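Peer 1: Please see the structure below; I have some questions.
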Amino acid sequence: MVKILWVDDEVELLKPHVLFLRQKGYEVETCNNGYDAIDMASETAYDLIILDEMMPGMTGLETLPQIKEVRPTTPVIMVTKSEEENIMDKAVGSKIADYLIKPVNPNQVLLSIKKNVHQQRLVTEQTAADYRSEFGRLTARLQMADTFADWCSLYRRLTGWEIELADAADPGIREVLAYQKSEANQEFSKFVRRNYRDWINRRTDDTPVMSHTLMRSKILPEAERHAKTTLLLIDNFRYDQWRAISSLLRGHYDVAADEFYCAILPTATQYARNAVFAGLMPLAISRLMPDLWLNDNEEGGKNQHEEEFLRRLLIQQGKQHWKWTFDKLIRPEQGRRLVDNIGRIADADFSVIVYNFLDILSHARTETDVIRELTEDDASFRSLTRSWFEHSDLFTILRLLAERGHTVIITSDHGTIRVDNPVKVTGDRATSANLRYKTGRNLAYNAREVFEILRPEEVQLPASNLTSTYIFAYDSDFMIYNNDANRHIRYYRNTFQHGGISMEEMIVPYIVLEPKK
């Protein structure tokens, strides 16, 4: 039963209100002064306190901080006869939960109690009911999705429900949503399999903006429209993670665009990010700049030349007169150094910041038990992302750029997905190590379980040798070898991976933020 303390020097006049609340099932205790209220709050854990502001001896505003000292999380509703703005400001500044003006009627009090005591339960119950009513419509949209834009719209809606239902008391409703999202990913995989070759080779009017066309078709035109623009590319950044941090930026930026583009396959950094900055597919990069490209089976860093790729692209696009900067942040001290040198970015026409933290976090989750426990599901991964961002140098950098009038474009090279279904593959020692795609010359697998590319040049991918092929995992699958399979399954199941085909990996957020005036 919900316990309420009502503090008012005229508490005898409130008997009808107290009786009304008791009839509604609430346990209500009363007192007529602030001193007794503090003692009672110290002795009893009330669910809510209703506090009169105008009391002789100790006023409500004087009582409030002492109540908060002993019960910091208990919501307090302030009641007053005064409508003076400074009284309201003081009450709100003291972190009250609600503010009521006398005379109050019983339903007004009841509404405030429901808002402050039952809101979470009522909201989750209504949200679950709303999802149940939309389930059929989402299923119909899933079956009818025929373009990349259709899938972006569906992914946006499913992600929205995933966030809204994260706190639902009924685990069954979350299981239904997880099943529906898995079904959507299976259908999305079929959609990609049917259309990917045509997209890469520009055979259709419905070809989406992809990694290798992103700079020319969206980023550079956007930068052209503004005096100062910063591109922030966060590795492994998904749409749900954007939703998790977006409210933190609301006081500094307005969202001018909330869109998506399609990451190329493999949805892995060495392919997708190089394609973004070069404005070329990997096969073209390997042919035009062979000294700057390494195949999977070659030793060395695979993403060491993004700045050279971008310089070449800017010259090709006639932007060589731009004053531009490029920074890649992998270690914490690099972020702090960039904060200290923010003027260098602020003075540039076009700045690029590559931030690798989420990629590092995904790998740490695989290798570190503590991180695995902190990110046991997508909801906790979102929560950790928000917590990291709120205390990061990146957030400081974005606030400083807003103050200096920079338009900011936030995007990624690919997303990531939590995997749980093992698919067995065999290959020789030269086979790539990624769990969501494999490339090599002696791959053995069940063709029904993967998207196979027998001729890599058909999708503009380089081949390590004449007989190399590529295969890509669907949905939440991950590829393991027969040797010591059970150990690998235990180690990698429920980890976040990328490289394959799923909405989370391929439908990448593209956000444009305008600084508030």
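How things are named: the first chain in the structure tokens is A, the next is B, and so on; residues count from 1 in each chain; ligands count from 1 in the order shown.
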Residues of region 159-292 of chain A classed as strand (DSSP E or B) by DSSP on the backbone are to be reported as a list in words.

Peer 2: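 Matching residues, listed in order: Met210, Thr229, Thr230, Leu231, Leu232, Leu233, Ile234, Tyr253, Asp254, Val255, Ala256, Ala257, Asp258, Glu259, Phe260, Tyr261 and Cys262 of chain A.
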
Peer 1: Save out the residues we just selected, C-alpha atoms, as a PDB file, in the first residue's frame.

Peer 2:
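part-v8.pdb written:
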```
ATOM      1  CA  MET A 210      25.782   3.926 -49.431  1.00  0.00           C
ATOM      2  CA  THR A 229      30.925  22.071 -40.322  1.00  0.00           C
ATOM      3  CA  THR A 230      32.254  19.170 -38.255  1.00  0.00           C
ATOM      4  CA  LEU A 231      31.792  15.540 -39.264  1.00  0.00           C
ATOM      5  CA  LEU A 232      31.796  13.223 -36.246  1.00  0.00           C
ATOM      6  CA  LEU A 233      32.103   9.568 -37.241  1.00  0.00           C
ATOM      7  CA  ILE A 234      31.594   7.287 -34.227  1.00  0.00           C
ATOM      8  CA  TYR A 253      21.695  21.854 -30.890  1.00  0.00           C
ATOM      9  CA  ASP A 254      18.519  21.527 -32.931  1.00  0.00           C
ATOM     10  CA  VAL A 255      18.172  18.354 -35.014  1.00  0.00           C
ATOM     11  CA  ALA A 256      18.012  19.474 -38.654  1.00  0.00           C
ATOM     12  CA  ALA A 257      18.068  15.936 -40.107  1.00  0.00           C
ATOM     13  CA  ASP A 258      17.479  12.494 -38.608  1.00  0.00           C
ATOM     14  CA  GLU A 259      18.047  10.073 -41.488  1.00  0.00           C
ATOM     15  CA  PHE A 260      19.848   6.865 -42.497  1.00  0.00           C
ATOM     16  CA  TYR A 261      22.215   5.569 -45.131  1.00  0.00           C
ATOM     17  CA  CYS A 262      23.217   2.009 -46.067  1.00  0.00           C
TER      18      CYS A 262
END
```

Peer 1: I'd like the contact shell of region 236-244 of chain A - 9 Å cut-off, only C-alpha atoms, skipping same-chain residues fewer than 4 positions apart - returned as a ChimeraX atom specification.

Peer 2: /A:156,159-160,162-163,248,260,269,356-359,362,378,381-383,385-386,410-416,498,504-505,507-511

Peer 1: For a test of reading the model, state the distance in Å between CA of Asn297 (chain A) and CA of Ser464 (chain A), rounded to one decimal.

Peer 2: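 Calculated distance between CA of Asn297 (chain A) and CA of Ser464 (chain A) is 7.2 Å.
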
Peer 1: Pick from A:Gln66, A:Asn303, A:Pro103, A:Glu390: nearest to Thr80 (chain A), with only C-alpha atoms counted?

Peer 2: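 Of all the options, A:Pro103 lies closest to Thr80 (chain A).
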
Peer 1: Need the shell around Tyr131 (chain A): protein/DNA/RNA residues with any atom at most 8 Å away, counting only C-alpha atoms. Skip same-chain ones fewer than 4 positions apart. Format as a PyMOL selection string?

Peer 2: chain A and resi 127+135+161

Peer 1: List every residue of region 294-394 of chain A that DSSP, applied to the backbone of this structure, assigns to alpha helix (DSSP H), and report them as number ranges by chain.

Peer 2: A: 306-316, 332-340, 342-346, 357-367, 369-374, 378-390, 393-394

Peer 1: Pick out the closest residue to Pro75 (chain A) from this set: A:Asp98, A:Glu183, A:Asp170, A:Asp340. Count only C-alpha atoms.

Peer 2: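 Between A:Asp98, A:Glu183, A:Asp170, A:Asp340, the residue approaching Pro75 (chain A) most closely is A:Asp98.
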
Peer 1: Any idea what's packed within 10 Å of Val7 (chain A), counting only C-alpha atoms, ignoring anything in its chain fewer than 3 positions away? Could you give it as a ChimeraX atom specification?

Peer 2: /A:4,10-11,29-34,36-37,49-53,55,60,78-79

Peer 1: Mind writing the picked residues with C-alpha atoms as a compact mmCIF listing (two decimals), in the first residue's frame?

Peer 2:
```
# COMPACT_ATOMS: atom_id res chain seq x y z
CA ILE A 4 1.48 9.36 2.16
CA GLU A 10 -4.97 23.45 8.85
CA VAL A 11 -4.96 19.68 8.56
CA GLU A 29 -0.90 10.12 7.84
CA THR A 30 -1.07 13.80 8.82
CA CYS A 31 0.69 16.39 10.95
CA ASN A 32 0.33 20.17 11.32
CA ASN A 33 3.90 21.50 11.46
CA GLY A 34 7.31 21.16 9.88
CA ASP A 36 6.80 16.87 13.35
CA ALA A 37 7.03 16.29 9.58
CA ILE A 49 4.85 13.80 1.07
CA ILE A 50 2.34 16.63 0.55
CA LEU A 51 3.75 19.79 2.16
CA ASP A 52 1.99 23.11 2.81
CA GLU A 53 4.24 26.07 2.01
CA MET A 55 2.91 27.25 7.95
CA GLY A 60 7.26 24.53 3.92
CA MET A 78 4.21 21.60 -2.45
CA VAL A 79 0.82 23.22 -1.72
```

Peer 1: Closest to Gln23 (chain A) among A:Ile480, A:Ala402, A:Leu110, A:Ala263, using only C-alpha atoms?

Peer 2: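 Smallest distance to Gln23 (chain A) is found for A:Leu110.
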
Peer 1: Using only C-alpha atoms, determine which residues lie at most 6 Å from region 419-427 of chain A, disregarding the query and same-chain residues fewer than 2 positions distant; provide the list as a ChimeraX atom specification.

Peer 2: /A:431,442-445,476-481,493-495

Peer 1: If you keep C-alpha atoms, can you produce a file of those selected residues as a PDB file, in the first residue's frame?

Peer 2:
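Output below, filename out18.pdb:
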```
ATOM      1  CA  THR A 431      40.604 -17.274 -43.923  1.00  0.00           C
ATOM      2  CA  ASN A 442      38.680 -22.853 -49.338  1.00  0.00           C
ATOM      3  CA  LEU A 443      35.480 -22.046 -47.459  1.00  0.00           C
ATOM      4  CA  ALA A 444      33.005 -24.828 -46.678  1.00  0.00           C
ATOM      5  CA  TYR A 445      29.549 -23.914 -45.372  1.00  0.00           C
ATOM      6  CA  SER A 476      22.080 -12.701 -35.154  1.00  0.00           C
ATOM      7  CA  ASP A 477      24.214 -15.562 -36.551  1.00  0.00           C
ATOM      8  CA  PHE A 478      27.955 -15.822 -35.933  1.00  0.00           C
ATOM      9  CA  MET A 479      30.428 -18.098 -37.698  1.00  0.00           C
ATOM     10  CA  ILE A 480      32.524 -20.616 -35.790  1.00  0.00           C
ATOM     11  CA  TYR A 481      34.910 -23.395 -36.798  1.00  0.00           C
ATOM     12  CA  ARG A 493      27.466 -15.985 -27.805  1.00  0.00           C
ATOM     13  CA  ASN A 494      25.697 -12.821 -26.618  1.00  0.00           C
ATOM     14  CA  THR A 495      28.568 -10.556 -27.706  1.00  0.00           C
TER      15      THR A 495
END
```
